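Remarks on the structure that follows.
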Amino acid sequence: MAKETIAGLAKRLGISKASVSYALNGQPGVSELTRRRVLDLAEELEWYPSSSARALSRSRAGAVGMVLSADPLLIGTEPYYMGLLTGIEAALAQADMALMLRMVGKDPAQEQLIYERWAGERKVDGVVVFDHLHDDPRPALLTRLGLPFVLHGAPGTGAPHRFAGTTTDHSVDAATIVDHLHEGGHRRIAHVTGPHTFLHEEERIRGVRERAAGYGMQVVLHEATYALDAGRDAVVSLLHAPGDRPTAVVFGNDLMSMGGLLALGELGLRCPGDVAIVSWDDSLHCRLASPAVTALARNPGQQGRIAAELLLALLDSGEARTRSMPGSDLVVRASTAVLP
């Protein structure tokens with residue numbers, strides 16, 4: 001059976017094609033009774049307007065874009081990113097919008113080309129931007145292209161407040177972690193971070209150092225990637241370095257903390273008896289590890305949903321809004337237990 005057309009629906013109902021279009025697209029111009037008749041008939045015929053037709057009627061692409069500049073293999077195994085995507089997709093699905101995702105590795109030129117192509121071809125209505133950098137060129141580029149955007153997870157202070165997006169006060173989460181380790185008797189800790197080019201890592205480093213200094217604690221800094229092997233290598237390097245060994249290690253994500261646990265096992269050390277471990281991200285990995293790892297519950301699904309909702313609001317009203325994310329809860333598990 002051939003797919004029904006808007007003209008066919010109009011003929012069946014004895015109304016104009018414009019009235020059918022208004023009803024199907026949720027636009028004003030028809031009574032609620034007429035809108036209900038159109039929607040009921042469409043449901044009866046299992047008929048839905050094509051995405052291209054709706055895009056034309058709304059002058060929109062009906063899609064939101066995301067470009068992730070990281071190793072695709074890392075993204076595929078990174079629970080935080082998966083949680084963000086789930087939240088974003090949930091918000092977009094409610095608005096009948098699609099998600100267009102591209103992964104470009106670590107080449108910023110590729111990310112720029114994708115934005116330019118999307119804007120030129122009107123492939124997306126707006127984009128969500130992650131992992132903000134020092135002197136980040138993307139906000140200026142997207143503004144020049146006329147492509148609406150939100151920044152997700154920008155530091156809680158500074159210039160990013162000029163743009164729509166979610167903000168995070170990383171010093172609050174840093175204090176939560178350091179307070180817990182201080183209460184557990186730790187006086188020399190290591191902080192294994194992601195790349196320092198990210199503004200959020202700079203904020204975390206500052207937060208950990210300042211809170212630790214208030215307690216007279218020492219902090220050893222180690223820069224890494226977010227991969228499992230990077231966490232393992234960091235622990236081997238830290239524990240073989242001259243000087244006093246740290247009694248606790250704070251990792252920038254859950255995958256690195258899993259690598260750290262593996263390294264302790266290879267070195268014949270116990271967790272938490274010899275070295276305690278904290279992860280900046282909670283996940284199933286942390287819950288199922290042995291020992292289970294203490295971690296910050298940052299709720300990436302909620303963060304992704306809010307970021308998407310801010311972008312949808314920007315598209316609808318043109319108003320750039322920001323939302324501050326609440327501080328994370330620390331889920332205390334066996335990896336930081338105080339042993340007798």
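Naming works like this for the structure tokens: A, B, ... for the chains as they're shown, residue 1 at the start of each chain, ligands 1 onward in shown order.
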
Check your understanding: What lies within 12 Å of Leu262 (chain A) using only C-alpha atoms, ignoring chain neighbours under 5 positions off, as a list in words?
Key -> Leu228, Asp229, Ala230, Gly231, Arg232, Asp233, Ala234, Val235, Val236, Leu255, Met256, Ser257, Leu267, Gly268, Leu269, Arg270, Cys271, Ile277, Ala289, Ser290 and Pro291 of chain A

Write out, as a short mmCIF file (atom, residue, chain, number, x, y, z; two decimals), in the first residue's frame, the residues just selected, with N, CA and C atoms.
data_model
loop_
_atom_site.label_atom_id
_atom_site.label_comp_id
_atom_site.auth_asym_id
_atom_site.auth_seq_id
_atom_site.Cartn_x
_atom_site.Cartn_y
_atom_site.Cartn_z
N LEU A 228 43.31 3.02 30.41
CA LEU A 228 43.64 2.06 31.46
C LEU A 228 45.14 1.90 31.60
N ASP A 229 45.86 1.73 30.49
CA ASP A 229 47.30 1.54 30.55
C ASP A 229 48.01 2.76 31.13
N ALA A 230 47.44 3.94 30.90
CA ALA A 230 48.05 5.15 31.45
C ALA A 230 47.99 5.15 32.96
N GLY A 231 46.90 4.63 33.53
CA GLY A 231 46.80 4.52 34.98
C GLY A 231 47.80 3.53 35.54
N ARG A 232 47.95 2.41 34.84
CA ARG A 232 48.92 1.41 35.29
C ARG A 232 50.33 1.99 35.27
N ASP A 233 50.71 2.62 34.15
CA ASP A 233 52.06 3.18 34.02
C ASP A 233 52.31 4.27 35.05
N ALA A 234 51.26 5.05 35.37
CA ALA A 234 51.42 6.13 36.35
C ALA A 234 51.78 5.57 37.72
N VAL A 235 51.11 4.51 38.13
CA VAL A 235 51.38 3.92 39.44
C VAL A 235 52.79 3.33 39.48
N VAL A 236 53.19 2.64 38.44
CA VAL A 236 54.55 2.08 38.40
C VAL A 236 55.57 3.19 38.52
N LEU A 255 38.77 4.44 34.35
CA LEU A 255 39.64 3.52 33.61
C LEU A 255 41.07 3.58 34.14
N MET A 256 41.57 4.79 34.41
CA MET A 256 42.91 4.90 34.97
C MET A 256 42.99 4.26 36.35
N SER A 257 41.93 4.38 37.13
CA SER A 257 41.95 3.76 38.46
C SER A 257 42.01 2.25 38.35
N LEU A 267 52.84 -5.28 41.42
CA LEU A 267 53.95 -4.89 42.30
C LEU A 267 53.88 -5.59 43.66
N GLY A 268 52.86 -6.41 43.87
CA GLY A 268 52.73 -7.13 45.13
C GLY A 268 52.27 -6.24 46.28
N LEU A 269 51.55 -5.15 45.95
CA LEU A 269 51.07 -4.23 46.98
C LEU A 269 49.57 -4.38 47.16
N ARG A 270 49.11 -4.05 48.36
CA ARG A 270 47.69 -4.18 48.68
C ARG A 270 46.99 -2.84 48.58
N CYS A 271 45.74 -2.90 48.20
CA CYS A 271 44.86 -1.73 48.21
C CYS A 271 43.68 -2.05 49.12
N ILE A 277 43.05 4.11 46.69
CA ILE A 277 42.73 4.61 45.35
C ILE A 277 41.36 5.30 45.37
N ALA A 289 35.18 -3.82 40.82
CA ALA A 289 36.61 -4.06 41.03
C ALA A 289 36.83 -4.73 42.38
N SER A 290 38.02 -5.30 42.52
CA SER A 290 38.38 -5.92 43.80
C SER A 290 39.72 -5.36 44.26
N PRO A 291 39.72 -4.51 45.27
CA PRO A 291 38.55 -4.03 46.01
C PRO A 291 37.74 -3.01 45.21
#

Could you give me, as a tab-separated table, a per-residue list for region 84-193 of chain A showing, wherever an atom lies at most 12 Å from an atom of region 211-227 of chain A, the closest pair of atoms and their distance in Å to one decimal, using only C-alpha atoms and sorting by chain then residue number from low to high?
residue	atom	partner	partner_atom	distance
A:His170	CA	A:Arg211	CA	11.8
A:Ser171	CA	A:Arg211	CA	8.4
A:Val172	CA	A:Arg211	CA	9.7
A:Asp173	CA	A:Arg211	CA	10.6
A:Ala174	CA	A:Arg211	CA	7.5
A:Ala175	CA	A:Arg211	CA	5.8
A:Thr176	CA	A:Arg211	CA	9.2
A:Ile177	CA	A:Arg211	CA	9.4
A:Val178	CA	A:Ala212	CA	6.3
A:Asp179	CA	A:Arg211	CA	7.9
A:His180	CA	A:Ala212	CA	10.9
A:Leu181	CA	A:Ala212	CA	9.5
A:His182	CA	A:Tyr215	CA	7.5
A:Glu183	CA	A:Tyr215	CA	10.3
A:Gly185	CA	A:Met217	CA	10.1
A:His186	CA	A:Met217	CA	7.8
A:Arg187	CA	A:Met217	CA	4.7
A:Arg188	CA	A:Gln218	CA	4.6
A:Ile189	CA	A:Val219	CA	5.1
A:Ala190	CA	A:Val220	CA	4.5
A:His191	CA	A:Leu221	CA	5.0
A:Val192	CA	A:His222	CA	4.8
A:Thr193	CA	A:Glu223	CA	5.1

Review point. When DSSP works through the backbone of this structure, what residues of region 76-237 of chain A end up as alpha helix (DSSP H), shown as an MDAnalysis selection string?
Key: chainID A and resid 76:77 79:94 108:121 138:145 170:183 199:215 228:237

Limited to C-alpha atoms, could you put the picked residues into a file as an mmCIF file, in the first residue's frame?
data_model
loop_
_atom_site.group_PDB
_atom_site.id
_atom_site.type_symbol
_atom_site.label_atom_id
_atom_site.label_comp_id
_atom_site.auth_asym_id
_atom_site.auth_seq_id
_atom_site.Cartn_x
_atom_site.Cartn_y
_atom_site.Cartn_z
ATOM 1 C CA GLY A 76 33.972 3.352 23.380
ATOM 2 C CA THR A 77 35.231 2.087 26.737
ATOM 3 C CA PRO A 79 31.595 5.023 30.884
ATOM 4 C CA TYR A 80 31.448 8.787 31.487
ATOM 5 C CA TYR A 81 31.053 9.532 27.771
ATOM 6 C CA MET A 82 28.499 6.767 27.407
ATOM 7 C CA GLY A 83 26.490 8.238 30.281
ATOM 8 C CA LEU A 84 26.592 11.696 28.698
ATOM 9 C CA LEU A 85 25.416 10.334 25.362
ATOM 10 C CA THR A 86 22.550 8.498 27.035
ATOM 11 C CA GLY A 87 21.355 11.688 28.725
ATOM 12 C CA ILE A 88 21.678 13.764 25.572
ATOM 13 C CA GLU A 89 19.833 11.197 23.497
ATOM 14 C CA ALA A 90 17.010 10.996 26.045
ATOM 15 C CA ALA A 91 16.422 14.767 25.894
ATOM 16 C CA LEU A 92 16.639 14.868 22.099
ATOM 17 C CA ALA A 93 14.239 11.945 21.714
ATOM 18 C CA GLN A 94 11.589 13.832 23.692
ATOM 19 C CA PRO A 108 41.612 19.804 15.870
ATOM 20 C CA ALA A 109 41.631 20.626 12.150
ATOM 21 C CA GLN A 110 39.247 17.712 11.524
ATOM 22 C CA GLU A 111 36.848 18.986 14.173
ATOM 23 C CA GLN A 112 36.859 22.443 12.562
ATOM 24 C CA LEU A 113 36.171 20.970 9.113
ATOM 25 C CA ILE A 114 33.175 19.047 10.438
ATOM 26 C CA TYR A 115 31.679 22.182 11.993
ATOM 27 C CA GLU A 116 32.193 24.081 8.750
ATOM 28 C CA ARG A 117 30.584 21.296 6.726
ATOM 29 C CA TRP A 118 27.641 20.987 9.092
ATOM 30 C CA ALA A 119 27.028 24.740 8.991
ATOM 31 C CA GLY A 120 27.439 24.968 5.211
ATOM 32 C CA GLU A 121 25.138 22.026 4.507
ATOM 33 C CA ARG A 138 35.789 26.612 18.889
ATOM 34 C CA PRO A 139 33.411 29.198 20.420
ATOM 35 C CA ALA A 140 34.688 31.890 18.054
ATOM 36 C CA LEU A 141 34.499 29.513 15.089
ATOM 37 C CA LEU A 142 30.950 28.407 15.852
ATOM 38 C CA THR A 143 29.872 32.012 16.395
ATOM 39 C CA ARG A 144 31.347 32.981 13.014
ATOM 40 C CA LEU A 145 29.580 30.050 11.363
ATOM 41 C CA HIS A 170 35.730 21.443 40.207
ATOM 42 C CA SER A 171 37.170 22.803 43.451
ATOM 43 C CA VAL A 172 34.114 21.486 45.304
ATOM 44 C CA ASP A 173 34.696 17.935 44.053
ATOM 45 C CA ALA A 174 38.421 18.261 44.761
ATOM 46 C CA ALA A 175 37.690 19.264 48.360
ATOM 47 C CA THR A 176 35.352 16.293 48.788
ATOM 48 C CA ILE A 177 38.108 13.884 47.743
ATOM 49 C CA VAL A 178 40.903 15.501 49.748
ATOM 50 C CA ASP A 179 38.741 15.776 52.884
ATOM 51 C CA HIS A 180 38.043 12.054 52.703
ATOM 52 C CA LEU A 181 41.710 11.137 52.318
ATOM 53 C CA HIS A 182 42.743 13.464 55.133
ATOM 54 C CA GLU A 183 40.187 11.865 57.436
ATOM 55 C CA LEU A 199 40.607 23.554 31.532
ATOM 56 C CA HIS A 200 38.751 21.140 33.787
ATOM 57 C CA GLU A 201 42.009 19.362 34.642
ATOM 58 C CA GLU A 202 43.644 22.670 35.509
ATOM 59 C CA GLU A 203 40.739 23.454 37.838
ATOM 60 C CA ARG A 204 40.950 20.030 39.460
ATOM 61 C CA ILE A 205 44.704 20.322 40.003
ATOM 62 C CA ARG A 206 44.283 23.720 41.633
ATOM 63 C CA GLY A 207 41.451 22.448 43.808
ATOM 64 C CA VAL A 208 43.365 19.399 45.047
ATOM 65 C CA ARG A 209 46.526 21.377 45.776
ATOM 66 C CA GLU A 210 44.768 24.183 47.631
ATOM 67 C CA ARG A 211 42.668 21.851 49.776
ATOM 68 C CA ALA A 212 45.647 19.631 50.556
ATOM 69 C CA ALA A 213 47.813 22.629 51.450
ATOM 70 C CA GLY A 214 45.221 23.653 54.023
ATOM 71 C CA TYR A 215 45.808 20.330 55.773
ATOM 72 C CA LEU A 228 43.637 2.062 31.459
ATOM 73 C CA ASP A 229 47.304 1.536 30.552
ATOM 74 C CA ALA A 230 48.050 5.149 31.446
ATOM 75 C CA GLY A 231 46.804 4.520 34.984
ATOM 76 C CA ARG A 232 48.921 1.414 35.289
ATOM 77 C CA ASP A 233 52.058 3.180 34.022
ATOM 78 C CA ALA A 234 51.421 6.126 36.347
ATOM 79 C CA VAL A 235 51.384 3.924 39.443
ATOM 80 C CA VAL A 236 54.545 2.081 38.399
ATOM 81 C CA SER A 237 56.296 5.417 37.826
#

Check your understanding: What lies within 7 Å of Met103 (chain A) using only C-alpha atoms, ignoring chain neighbours under 4 positions off, as an MDAnalysis selection string?
Key -> chainID A and resid 67:70 72

For the residues in the current selection, export C-alpha atoms as a short mmCIF file (atom, residue, chain, number, x, y, z; two decimals), in the first residue's frame.
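out.cif, written as the output of this step:
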data_model
loop_
_atom_site.label_atom_id
_atom_site.label_comp_id
_atom_site.auth_asym_id
_atom_site.auth_seq_id
_atom_site.Cartn_x
_atom_site.Cartn_y
_atom_site.Cartn_z
CA VAL A 67 32.27 16.07 17.74
CA LEU A 68 34.49 14.18 20.17
CA SER A 69 38.22 14.80 19.77
CA ALA A 70 39.58 11.69 21.42
CA PRO A 72 37.53 6.33 19.40
#

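Remark: for Leu101 (chain A), the closest of the candidate residues A:Glu266, A:Gln302, A:Met66, A:Thr322 is A:Met66 (distances computed over only C-alpha atoms).
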
Check your understanding: How many Å separate CA of Ala164 (chain A) from CA of Gly65 (chain A)?
Key -> 15.4 Å

Practice item. Name the closest residue to Val275 (chain A) among the candidates A:Gly62, A:Pro242, A:Gly184, A:Pro155; distances are taken between atoms, counting only C-alpha atoms. Key: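 Closest candidate: A:Gly184.
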
Exercise for review: Considering only C-alpha atoms, return as a ChimeraX atom specification whatever protein or nucleic-acid residues lie within 7 Å of Met325 (chain A), sequence-local ones (same chain, fewer than 5 positions apart) excluded.
Suggested key: /A:166-168

Exercise for review: Counting only C-alpha atoms, figure out which residue out of A:Ala320, A:Ala7, A:Ala276, A:Leu288 gets nearest to Arg245 (chain A).
Suggested key: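 Among the listed residues, A:Ala276 lies closest to Arg245 (chain A).
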
**Study point:** For Val127 (chain A): contacts at 8 Å, only C-alpha atoms, fewer than 4 positions along chain excluded, given as a VMD selection string
**Key:** chain A and resid 64 to 66 147 to 150 311

**Study point:** Expected answer as a ChimeraX atom specification: strand (DSSP E) residues in region 5-201 of chain A
**Key:** /A:63-68,98-103,126-129,149-155,165-168,188-193

Save the residues we just selected, C-alpha atoms, as a compact mmCIF listing (two decimals), in the first residue's frame?
# COMPACT_ATOMS: atom_id res chain seq x y z
CA ALA A 63 19.45 17.18 14.43
CA VAL A 64 22.06 18.15 17.02
CA GLY A 65 25.76 17.55 16.43
CA MET A 66 28.61 16.38 18.67
CA VAL A 67 32.27 16.07 17.74
CA LEU A 68 34.49 14.18 20.17
CA ALA A 98 18.32 13.28 16.09
CA LEU A 99 21.90 13.10 17.33
CA MET A 100 24.76 13.27 14.81
CA LEU A 101 28.02 12.06 16.36
CA ARG A 102 31.51 12.24 14.88
CA MET A 103 34.81 11.06 16.40
CA GLY A 126 23.31 23.27 16.91
CA VAL A 127 26.15 21.47 18.67
CA VAL A 128 27.30 20.44 22.15
CA VAL A 129 30.98 21.18 22.84
CA PHE A 149 26.20 25.76 20.67
CA VAL A 150 26.39 24.97 24.36
CA LEU A 151 29.54 24.29 26.35
CA HIS A 152 29.29 21.27 28.61
CA GLY A 153 31.20 21.14 31.88
CA ALA A 154 32.96 24.51 31.63
CA PRO A 155 34.82 25.58 34.78
CA GLY A 165 26.03 25.58 28.79
CA THR A 166 26.63 23.70 32.01
CA THR A 167 29.29 24.76 34.49
CA THR A 168 31.08 22.77 37.16
CA ARG A 188 51.16 12.34 50.96
CA ILE A 189 48.93 11.68 47.95
CA ALA A 190 49.40 11.44 44.19
CA HIS A 191 47.07 13.05 41.65
CA VAL A 192 47.04 11.32 38.25
CA THR A 193 45.29 13.66 35.81

Practice item. Within 6 Å of Ser328 (chain A), counting only C-alpha atoms, which residues show up once you throw out same-chain ones fewer than 2 positions away? Write them as a list in words, please. Key: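 Non-adjacent residues within range: Leu296, Ala297 and Arg298 of chain A.
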
Any chance you can output those residues with all heavy atoms as a short mmCIF file (atom, residue, chain, number, x, y, z; two decimals), in the first residue's frame?
data_model
loop_
_atom_site.label_atom_id
_atom_site.label_comp_id
_atom_site.auth_asym_id
_atom_site.auth_seq_id
_atom_site.Cartn_x
_atom_site.Cartn_y
_atom_site.Cartn_z
N LEU A 296 33.68 9.46 42.78
CA LEU A 296 32.70 10.53 42.73
C LEU A 296 31.55 10.13 41.81
O LEU A 296 31.76 9.77 40.65
CB LEU A 296 33.33 11.82 42.19
CG LEU A 296 34.25 12.61 43.12
CD1 LEU A 296 34.90 13.75 42.35
CD2 LEU A 296 33.47 13.16 44.32
N ALA A 297 30.34 10.19 42.33
CA ALA A 297 29.14 9.94 41.52
C ALA A 297 28.73 11.26 40.87
O ALA A 297 28.08 12.10 41.50
CB ALA A 297 28.01 9.39 42.39
N ARG A 298 29.12 11.46 39.62
CA ARG A 298 28.93 12.75 38.95
C ARG A 298 27.66 12.80 38.09
O ARG A 298 27.33 13.83 37.54
CB ARG A 298 30.15 13.06 38.09
CG ARG A 298 31.44 13.19 38.92
CD ARG A 298 32.66 13.35 38.03
NE ARG A 298 32.53 14.52 37.18
CZ ARG A 298 33.09 14.62 35.97
NH1 ARG A 298 33.79 13.61 35.48
NH2 ARG A 298 32.94 15.71 35.27
#

**Study point:** d(CA of Ala292 (chain A), CA of Thr336 (chain A)) in Å
**Key:** 9.2 Å

Review point. So how many Å separate CA of Asp316 (chain A) and CA of Asp169 (chain A), to one decimal?
Key: 27.8 Å
